[in-house]
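Below: one structure, written as structure tokens.
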Amino acid sequence: MGDSFKTLCPYCGVGCGLEVSPPAESGKGVSRDEEGTPVWRVRGDRAHPSSEGMVCVKGATIAESLHKSRLLHPMMRDSLDEPFRQVSWDEALNCIVARIQTVRFTQGADAICMYGSGQFQTQDYYVAQKLLKGCLGTNNFDANSRLCMSSAVAGYTQSFGTDGPPCCYEDLDLTDCAFLIGTNTAECHPIIFNRFRKNHKKNHNVKLIVVDPRCTETAQVADLHLAIKPGTDIDLLNGIAHILMRDGHIETLFMDECTQGFNDYAQVISHYDPEIVAQTCGISVSDLEKAAQYWAKSQRVLSLWSMGINQSSEGTAKVRTLINLHLMTAQIGKPGAGPFSLTGQPNAMGGREAGGLSHILPGYRLVKNPVHRAEVEELWGLPPGRISAKPGLTVWDMILGLETGDVGFVWISATNPVVSMPDLERTKAALLRSPFTVYQDAYYPTETAEFAHVLLPAAQWSEKTGMMTNSERRVTLCPQFRQPPGEARPDWEVFAEVGRRLGFADRFKFTDAAQVFAEFTEFTRDRPCDQTGITYERLSQEGPLQWPCSDKNIHSPDETSRLYTDLHFNTPDGRARFAAYHSRGLAEPPDPNYPFVLTVGRLYGHWHTQTRTGRIAKIQKMHPAPFIEVHPRDAKTVGIADGEWVEVRSRRGKLRLPAVVTKNIAPGTVFVPMHWGALWADDAEANVLTHAEACPDSKQPELKACAVQLVPLKTAAVQSTSTDSQMELTVLKTPS
């Protein structure tokens with residue numbers, strides 16, 4: 001490999017392998033950014049089994065963001081109306097420890113909260129769990145996966161007895177029917193989509209069904225595009241099930257021997273007559289029937305979904321209703337088939353394995369389960385009862401706790417909630433009331449830094465060693481290959497040092513990332529996500545490995561590509577569970593005052609809140625400014641033309657955006673990209689409009705839909721200030 005390093009792309013959960021080489025010291029062909037700075041050379045790793053050498057524009061340009069707008073030193077201030085001052089690590093850590101102790105012994109441990117990120121490596125996640133849930137005795141660790149994958153987690157757990165996608169990427173090559181719902185895969189997971197398209201183009205018998213109110217790049221190449229109304233996913237899925245049952249396309253032997261609950265489900269779907277479903281969803285009966293026919297005639301059906309399903313007040317119900325279709329047709333546990341959630345972040349899967357949500361513990365354990373708590377206490381060497389039996393606060397609960405004063409300490413790391421949270425003005429107001437906020441990140445400024453009392457510089461991708469797990473359960477070693485800038489440190493080292501200073505030195509004796517991972521894997525022993533056969537050494541020598549991978553059969557042939565191949569599930573009786581749900585629709589449906597449904601999403605080039613991608617010239621040119629998509633019929637009704645500015649109002653706030661009038665959005669629905677925070681454009685924060693109503697099981701907010709009105713702005717005085725906002729990023733701005 002020479003001077004090159006093999007690692008994993010730090011963007012979406014596909015987990016593309018990258019091969020990275022240092023910039024040449026001199027000579028022609030040196031890659032430089034727009035400022036003339038030599039940058040590391042990045043290309044796809046052809047040997048990586050997940051991406052096979054493919055890489056999207058985000059991964060290809062990642063090295064250009066490494067040195068820009070970095071937070072280099074710890075900084076502090078006593079109040080939010082003061083400027084930051086540079087301090088030493090000792091001063092910052094001593095201040096944090098003192099505040100934790102004060103809150104712990106006055107308000108109690110449950111007044112302490114941490115909000116982490118799918119950007120964490122597994123080591124970062126694991127050490128944070130040990131610190132909060134173990135040593136401090138509070139389960140108040142949540143991650144931005146709560147906004148991303150928690151409905152998939154709940155759906156898998158309730159249907160199969162445990163979390164964990166049962167499929168693998170090879171299934172994209174083998175399926176004869178891909179059913180994509182709530183995912184613009186071509187733009188948000190392009191490597192997965194390109195891999196499937198090779199199969200799709202080569203074999204005309206392979207069908208692609210896309211369910212989306214927008215005619216995205218994904219939908220444009222579909223054999224069948226179902227542009228359903230937002231909030232009618234369960235209606236559609238139950239309608240397909242109704243037709244499958246009506247026409248006898250169900251596997252009764254499989255259901256009798258491997259599932260339970262079908263009778264209740266059959267009662268529910270009997271009410272979803274095709275004519276009623278088609279009218280409710282806003283599609284034709286013939287298209288609904290065609291979708292069911294494609295499913296029925298296919299030997300291998302692979303369903304894929306992402307935020308369009310998860311980010312819903314019915315998120316878990318939608319996931320389980322989709323899984324129902326696989327159970328009634330026995331489309332699981334075999335090549336080319338199964339329900340496959342597409343993870344939104346690079347290590348959201350690793351976070352789930354390490355216990356990185358407020359209701360779970362390492363090794364796919366649940367906080368509410370006394371046996372699970374006892375197992376973790378024993379492994380951590382804690383006295384019985386130290387781990388709380390009460391699930392911790394979700395991130396929205398933390399916002400509510402700041403409003404009431406029940407939360408006295410918030411530690412935010414590797415995420416930017418002042419752009420990504422729902423009901424954003426309420427979120428900001430709550431953070432302004434926070435008695436003490438620590439913000440740990442690689443970049444500065446960010447929108448969230450404005451609300452912090454302490455800033456801690458974090459080492460990011462390329463600057464620390466750790467493991468990440470992608471959507472197909474494949475663990476990759478991501479080695480450090482460059483020094484962190486300034487005084488930046490790996491997240492797990494910061495958490496461990498705070499643990500030592502709090503008096504738990506014997507719990508945090510780690511000297512490197514390999515030791516942390518070795519301790520973590522013991523928590524997976526004999527669990528569904530067993531990784532005891534995965535070691536730093538094996539990953540270094542053999543490359544990425546999929547779990548389950550036990551050290552008991554380390555030399556056995558690899559049979560872990562798919563879960564449930566024996567049709568035995570992780571429930572007490574080994575049977576998968578059907579779920580019977582009627583559709584409830586949107587939490588905030590349109591009405592005469594707010595007649596349109598707003599949906600939000602990603603664009604191909606940008607990543608979340610632009611913390612990295614907004615600093616890359618090529619991507620800035622690709623997606624220079626925010627916008628709103630409006631159907632021509634709606635534009636005519638409102639009185640706006642293409643390119644004209646429109647004010648978008650919800651019950652919580654308003655935006656001002658130029659209109660893109662297009663037939664690629666369904667009538668009655670409008671679309672806004674979610675990437676632009678206050679640093680990048682004025683009056684363009686999509687989540688100013690969204691609400692916090694959430695799924696009762698997964699606690700995932702319904703970020704994908706809220707009711708809005710459109711008001712045309714005819715004055716030329718309304719101008720975009722995105723250029724000025726971007727220019728400010730070249731200096732270290734003092735938050736106010």
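Chain lettering (A, B, ...) mirrors the order of the structure tokens, residue numbering begins at 1 for each chain separately, and ligand numbering begins at 1 in order of display.
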Original post:
Hey, what's within 6 Å of Thr690 in chain A if we count only C-alpha atoms and toss same-chain stuff fewer than 5 positions away? As number ranges by chain, please?
Top reply: A: 422-423, 706
I need the chosen residues saved as a CSV table (one decimal), in the first residue's frame, with N, CA, C and O atoms.
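Saved to out34.csv:
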```
chain,number,residue,atom,x,y,z
A,422,PRO,N,-35.9,19.8,15.2
A,422,PRO,CA,-37.2,20.3,14.8
A,422,PRO,C,-37.6,21.5,15.7
A,422,PRO,O,-36.9,21.8,16.7
A,423,ASP,N,-38.6,22.3,15.2
A,423,ASP,CA,-39.1,23.4,16.0
A,423,ASP,C,-37.9,24.3,16.4
A,423,ASP,O,-37.7,24.5,17.6
A,706,CYS,N,-44.8,18.9,7.5
A,706,CYS,CA,-45.6,19.8,8.3
A,706,CYS,C,-46.4,20.7,7.4
A,706,CYS,O,-46.2,20.8,6.2
```
Considering only C-alpha atoms, return as a compact mmCIF listing (two decimals) with N, CA and C atoms, in the first residue's frame whatever protein or nucleic-acid residues lie within 6 Å of range 234-250 of chain A, sequence-local ones (same chain, fewer than 3 positions apart) excluded.
```txt
# COMPACT_ATOMS: atom_id res chain seq x y z
N ILE A 269 -55.85 -5.37 7.18
CA ILE A 269 -55.67 -5.10 5.74
C ILE A 269 -56.94 -5.40 4.94
N TYR A 272 -58.53 -2.30 3.53
CA TYR A 272 -57.79 -1.43 2.60
C TYR A 272 -58.05 -1.84 1.15
N PRO A 274 -58.51 -1.59 -2.74
CA PRO A 274 -57.67 -0.84 -3.68
C PRO A 274 -58.23 0.52 -4.09
N VAL A 277 -57.73 2.91 -1.17
CA VAL A 277 -56.30 3.19 -0.97
C VAL A 277 -55.79 4.13 -2.06
N ALA A 292 -48.35 -4.38 -6.49
CA ALA A 292 -48.60 -5.68 -5.86
C ALA A 292 -48.20 -6.83 -6.79
N ALA A 296 -45.59 -9.77 -6.09
CA ALA A 296 -46.05 -11.16 -6.10
C ALA A 296 -45.25 -12.03 -7.07
N LYS A 318 -44.69 2.36 10.30
CA LYS A 318 -44.38 2.24 8.87
C LYS A 318 -43.34 1.16 8.62
N MET A 328 -45.32 -11.93 5.02
CA MET A 328 -46.45 -12.64 4.42
C MET A 328 -46.06 -13.31 3.10
N THR A 329 -44.90 -12.92 2.52
CA THR A 329 -44.45 -13.52 1.27
C THR A 329 -43.14 -14.28 1.44
N SER A 583 -53.66 3.33 9.37
CA SER A 583 -52.99 4.60 9.11
C SER A 583 -53.63 5.72 9.92
```
Would you mind writing down, as a PDB file with N, CA, C and O atoms, in the first residue's frame, each residue of range 40-92 of chain A that DSSP on the backbone assigns to strand (DSSP E)?
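This went into result00.pdb:
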```
ATOM      1  N   ARG A  41      -4.808  13.069  -1.482  1.00  0.00           N
ATOM      2  CA  ARG A  41      -5.478  12.509  -2.655  1.00  0.00           C
ATOM      3  C   ARG A  41      -6.390  11.366  -2.220  1.00  0.00           C
ATOM      4  O   ARG A  41      -5.977  10.482  -1.468  1.00  0.00           O
ATOM      5  N   VAL A  42      -7.624  11.387  -2.686  1.00  0.00           N
ATOM      6  CA  VAL A  42      -8.638  10.418  -2.268  1.00  0.00           C
ATOM      7  C   VAL A  42      -9.203   9.705  -3.490  1.00  0.00           C
ATOM      8  O   VAL A  42      -9.545  10.348  -4.490  1.00  0.00           O
ATOM      9  N   ARG A  43      -9.302   8.413  -3.406  1.00  0.00           N
ATOM     10  CA  ARG A  43      -9.967   7.635  -4.451  1.00  0.00           C
ATOM     11  C   ARG A  43     -10.671   6.449  -3.796  1.00  0.00           C
ATOM     12  O   ARG A  43     -10.395   6.103  -2.652  1.00  0.00           O
ATOM     13  N   GLY A  44     -11.575   5.840  -4.534  1.00  0.00           N
ATOM     14  CA  GLY A  44     -12.276   4.681  -4.003  1.00  0.00           C
ATOM     15  C   GLY A  44     -11.349   3.484  -3.850  1.00  0.00           C
ATOM     16  O   GLY A  44     -10.464   3.255  -4.678  1.00  0.00           O
ATOM     17  N   MET A  75     -11.812  26.761  24.316  1.00  0.00           N
ATOM     18  CA  MET A  75     -12.212  28.148  24.591  1.00  0.00           C
ATOM     19  C   MET A  75     -13.355  28.140  25.591  1.00  0.00           C
ATOM     20  O   MET A  75     -14.131  27.187  25.667  1.00  0.00           O
ATOM     21  N   MET A  76     -13.449  29.213  26.348  1.00  0.00           N
ATOM     22  CA  MET A  76     -14.471  29.316  27.387  1.00  0.00           C
ATOM     23  C   MET A  76     -15.005  30.738  27.464  1.00  0.00           C
ATOM     24  O   MET A  76     -14.372  31.679  26.991  1.00  0.00           O
ATOM     25  N   ARG A  85     -12.611  33.115  25.232  1.00  0.00           N
ATOM     26  CA  ARG A  85     -11.187  33.291  25.474  1.00  0.00           C
ATOM     27  C   ARG A  85     -10.513  31.929  25.363  1.00  0.00           C
ATOM     28  O   ARG A  85     -11.069  30.918  25.767  1.00  0.00           O
ATOM     29  N   GLN A  86      -9.343  31.895  24.785  1.00  0.00           N
ATOM     30  CA  GLN A  86      -8.596  30.647  24.673  1.00  0.00           C
ATOM     31  C   GLN A  86      -8.093  30.226  26.040  1.00  0.00           C
ATOM     32  O   GLN A  86      -7.579  31.038  26.803  1.00  0.00           O
TER      33      GLN A  86
END
```
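Shortest separation to Asp110 in chain A among A:Phe409, A:Phe262, A:Trp305, A:Phe254 occurs at residue A:Phe409, atoms counted being only C-alpha atoms.
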**OP:** Select, from A:Asn140, A:Tyr11, A:Ala518, A:Ala354, the residue with the minimum atom-to-atom distance to Ala389 in chain A, counting only C-alpha atoms.
**Re:** A:Asn140
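Closest approach to Gly503 in chain A from the set A:Met114, A:Leu18, A:Val638, A:Leu136 is made by A:Leu136, with distances taken over only C-alpha atoms.
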Original post:
Near Gln440 in chain A, counting only C-alpha atoms, which residues have an atom at most 8 Å away, once you skip same-chain residues fewer than 3 positions from it, shown as number ranges by chain?
Top reply: A: 411-414, 455-458
Might you pull out every residue within 8 Å of Leu567 in chain A, with only C-alpha atoms counted and same-chain residues fewer than 2 positions away left off, and present them as a CSV table (one decimal) with N, CA, C and O atoms, in the first residue's frame?
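out35.csv written:
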```csv
chain,number,residue,atom,x,y,z
A,258,CYS,N,-43.1,-19.8,11.2
A,258,CYS,CA,-42.1,-18.9,11.5
A,258,CYS,C,-42.5,-17.5,12.0
A,258,CYS,O,-41.7,-16.6,12.4
A,333,GLY,N,-34.3,-13.6,4.7
A,333,GLY,CA,-33.4,-14.7,5.0
A,333,GLY,C,-32.8,-15.5,3.8
A,333,GLY,O,-32.3,-16.6,3.9
A,564,TYR,N,-31.0,-14.4,9.7
A,564,TYR,CA,-32.2,-15.1,9.7
A,564,TYR,C,-32.3,-16.1,8.5
A,564,TYR,O,-33.4,-16.5,8.0
A,565,THR,N,-31.1,-16.6,8.1
A,565,THR,CA,-31.2,-17.6,7.0
A,565,THR,C,-31.8,-18.9,7.4
A,565,THR,O,-32.2,-19.7,6.6
A,569,PHE,N,-35.8,-16.3,14.5
A,569,PHE,CA,-35.7,-14.9,14.8
A,569,PHE,C,-35.3,-14.8,16.3
A,569,PHE,O,-35.4,-15.7,17.1
```
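The residue that comes closest to Glu377 in chain A, out of A:Phe523, A:Gln700, A:Arg146, A:Val597 and on the basis of only C-alpha atoms, is A:Phe523.
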Original post:
Could you pull out all residues of range 523-649 of chain A with a DSSP call of alpha helix (DSSP H) and give them as a ChimeraX atom specification?
Top reply: /A:536-542,617-622,632-638
Put those residues in a file: N, CA, C and O atoms, as an mmCIF file, in the first residue's frame.
```cif
data_model
loop_
_atom_site.group_PDB
_atom_site.id
_atom_site.type_symbol
_atom_site.label_atom_id
_atom_site.label_comp_id
_atom_site.auth_asym_id
_atom_site.auth_seq_id
_atom_site.Cartn_x
_atom_site.Cartn_y
_atom_site.Cartn_z
ATOM 1 N N TYR A 536 -8.559 -5.534 16.211
ATOM 2 C CA TYR A 536 -7.761 -4.541 15.500
ATOM 3 C C TYR A 536 -6.808 -5.242 14.540
ATOM 4 O O TYR A 536 -6.649 -4.828 13.387
ATOM 5 N N GLU A 537 -6.192 -6.327 15.007
ATOM 6 C CA GLU A 537 -5.213 -7.041 14.188
ATOM 7 C C GLU A 537 -5.871 -7.656 12.961
ATOM 8 O O GLU A 537 -5.337 -7.555 11.839
ATOM 9 N N ARG A 538 -7.036 -8.308 13.138
ATOM 10 C CA ARG A 538 -7.711 -8.926 11.995
ATOM 11 C C ARG A 538 -8.137 -7.882 10.968
ATOM 12 O O ARG A 538 -7.983 -8.085 9.762
ATOM 13 N N LEU A 539 -8.661 -6.763 11.456
ATOM 14 C CA LEU A 539 -9.082 -5.725 10.529
ATOM 15 C C LEU A 539 -7.889 -5.148 9.778
ATOM 16 O O LEU A 539 -7.984 -4.811 8.591
ATOM 17 N N SER A 540 -6.771 -5.041 10.461
ATOM 18 C CA SER A 540 -5.568 -4.527 9.811
ATOM 19 C C SER A 540 -5.070 -5.471 8.726
ATOM 20 O O SER A 540 -4.602 -5.044 7.666
ATOM 21 N N GLN A 541 -5.177 -6.772 8.988
ATOM 22 C CA GLN A 541 -4.620 -7.766 8.069
ATOM 23 C C GLN A 541 -5.610 -8.215 7.004
ATOM 24 O O GLN A 541 -5.247 -8.403 5.836
ATOM 25 N N GLU A 542 -6.894 -8.384 7.394
ATOM 26 C CA GLU A 542 -7.873 -8.982 6.495
ATOM 27 C C GLU A 542 -8.811 -7.973 5.847
ATOM 28 O O GLU A 542 -9.502 -8.292 4.882
ATOM 29 N N ALA A 617 -15.301 24.166 -2.425
ATOM 30 C CA ALA A 617 -15.728 25.023 -3.537
ATOM 31 C C ALA A 617 -16.544 24.263 -4.579
ATOM 32 O O ALA A 617 -17.554 24.766 -5.081
ATOM 33 N N LYS A 618 -16.127 23.044 -4.907
ATOM 34 C CA LYS A 618 -16.834 22.281 -5.932
ATOM 35 C C LYS A 618 -18.281 22.026 -5.533
ATOM 36 O O LYS A 618 -19.202 22.115 -6.364
ATOM 37 N N ILE A 619 -18.501 21.729 -4.269
ATOM 38 C CA ILE A 619 -19.859 21.446 -3.803
ATOM 39 C C ILE A 619 -20.659 22.739 -3.662
ATOM 40 O O ILE A 619 -21.863 22.773 -3.941
ATOM 41 N N GLN A 620 -20.006 23.819 -3.243
ATOM 42 C CA GLN A 620 -20.691 25.111 -3.192
ATOM 43 C C GLN A 620 -21.223 25.494 -4.566
ATOM 44 O O GLN A 620 -22.341 26.008 -4.703
ATOM 45 N N LYS A 621 -20.422 25.253 -5.607
ATOM 46 C CA LYS A 621 -20.862 25.575 -6.968
ATOM 47 C C LYS A 621 -21.986 24.644 -7.423
ATOM 48 O O LYS A 621 -22.875 25.038 -8.186
ATOM 49 N N MET A 622 -21.945 23.398 -6.961
ATOM 50 C CA MET A 622 -22.970 22.426 -7.323
ATOM 51 C C MET A 622 -24.319 22.791 -6.715
ATOM 52 O O MET A 622 -25.373 22.685 -7.362
ATOM 53 N N PRO A 632 -46.358 23.431 -10.622
ATOM 54 C CA PRO A 632 -46.919 24.536 -11.416
ATOM 55 C C PRO A 632 -48.355 24.894 -11.041
ATOM 56 O O PRO A 632 -48.718 26.081 -11.026
ATOM 57 N N ARG A 633 -49.155 23.890 -10.747
ATOM 58 C CA ARG A 633 -50.545 24.180 -10.370
ATOM 59 C C ARG A 633 -50.604 25.022 -9.104
ATOM 60 O O ARG A 633 -51.365 25.990 -9.009
ATOM 61 N N ASP A 634 -49.789 24.669 -8.127
ATOM 62 C CA ASP A 634 -49.774 25.411 -6.867
ATOM 63 C C ASP A 634 -49.154 26.793 -7.047
ATOM 64 O O ASP A 634 -49.600 27.773 -6.434
ATOM 65 N N ALA A 635 -48.120 26.876 -7.893
ATOM 66 C CA ALA A 635 -47.497 28.173 -8.150
ATOM 67 C C ALA A 635 -48.502 29.143 -8.769
ATOM 68 O O ALA A 635 -48.540 30.336 -8.421
ATOM 69 N N LYS A 636 -49.318 28.638 -9.688
ATOM 70 C CA LYS A 636 -50.332 29.482 -10.321
ATOM 71 C C LYS A 636 -51.370 29.936 -9.293
ATOM 72 O O LYS A 636 -51.780 31.110 -9.294
ATOM 73 N N THR A 637 -51.768 29.018 -8.422
ATOM 74 C CA THR A 637 -52.758 29.358 -7.403
ATOM 75 C C THR A 637 -52.239 30.446 -6.469
ATOM 76 O O THR A 637 -52.957 31.393 -6.120
ATOM 77 N N VAL A 638 -50.972 30.313 -6.064
ATOM 78 C CA VAL A 638 -50.382 31.265 -5.123
ATOM 79 C C VAL A 638 -50.008 32.569 -5.826
ATOM 80 O O VAL A 638 -50.023 33.641 -5.220
#
```
Original post:
Could you pull the residues within 7 Å of Asp45 in chain A, counting only C-alpha atoms, minus those fewer than 6 positions along the same chain, as a PyMOL selection string?
Top reply: chain A and resi 17-19+52-53
Keeping N, CA and C atoms for every residue in the selection just given, could you write it to a file as a short mmCIF file (atom, residue, chain, number, x, y, z; two decimals), in the first residue's frame?
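Contents of part.cif, freshly written:
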```
data_model
loop_
_atom_site.label_atom_id
_atom_site.label_comp_id
_atom_site.auth_asym_id
_atom_site.auth_seq_id
_atom_site.Cartn_x
_atom_site.Cartn_y
_atom_site.Cartn_z
N GLY A 17 -15.31 2.40 0.97
CA GLY A 17 -13.89 2.32 1.25
C GLY A 17 -13.13 3.37 0.47
N LEU A 18 -12.20 4.06 1.14
CA LEU A 18 -11.37 5.06 0.50
C LEU A 18 -9.90 4.67 0.61
N GLU A 19 -9.15 5.04 -0.39
CA GLU A 19 -7.70 4.94 -0.32
C GLU A 19 -7.16 6.36 -0.41
N GLU A 52 -16.76 -1.34 -3.59
CA GLU A 52 -16.08 -1.85 -4.78
C GLU A 52 -15.40 -0.74 -5.59
N GLY A 53 -14.82 0.23 -4.89
CA GLY A 53 -14.07 1.29 -5.55
C GLY A 53 -14.88 2.52 -5.91
#
```
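In this comparison, which uses only C-alpha atoms, the residue of A:Asn470, A:Ala186, A:Pro624, A:Pro362 approaching Thr216 in chain A most closely is A:Ala186.
Comparing the minimum interatomic distances between Pro589 in chain A and each of A:Ser88, A:Ser298, A:Thr415, A:Thr232, counting only C-alpha atoms, we find that A:Thr232 sits nearest.
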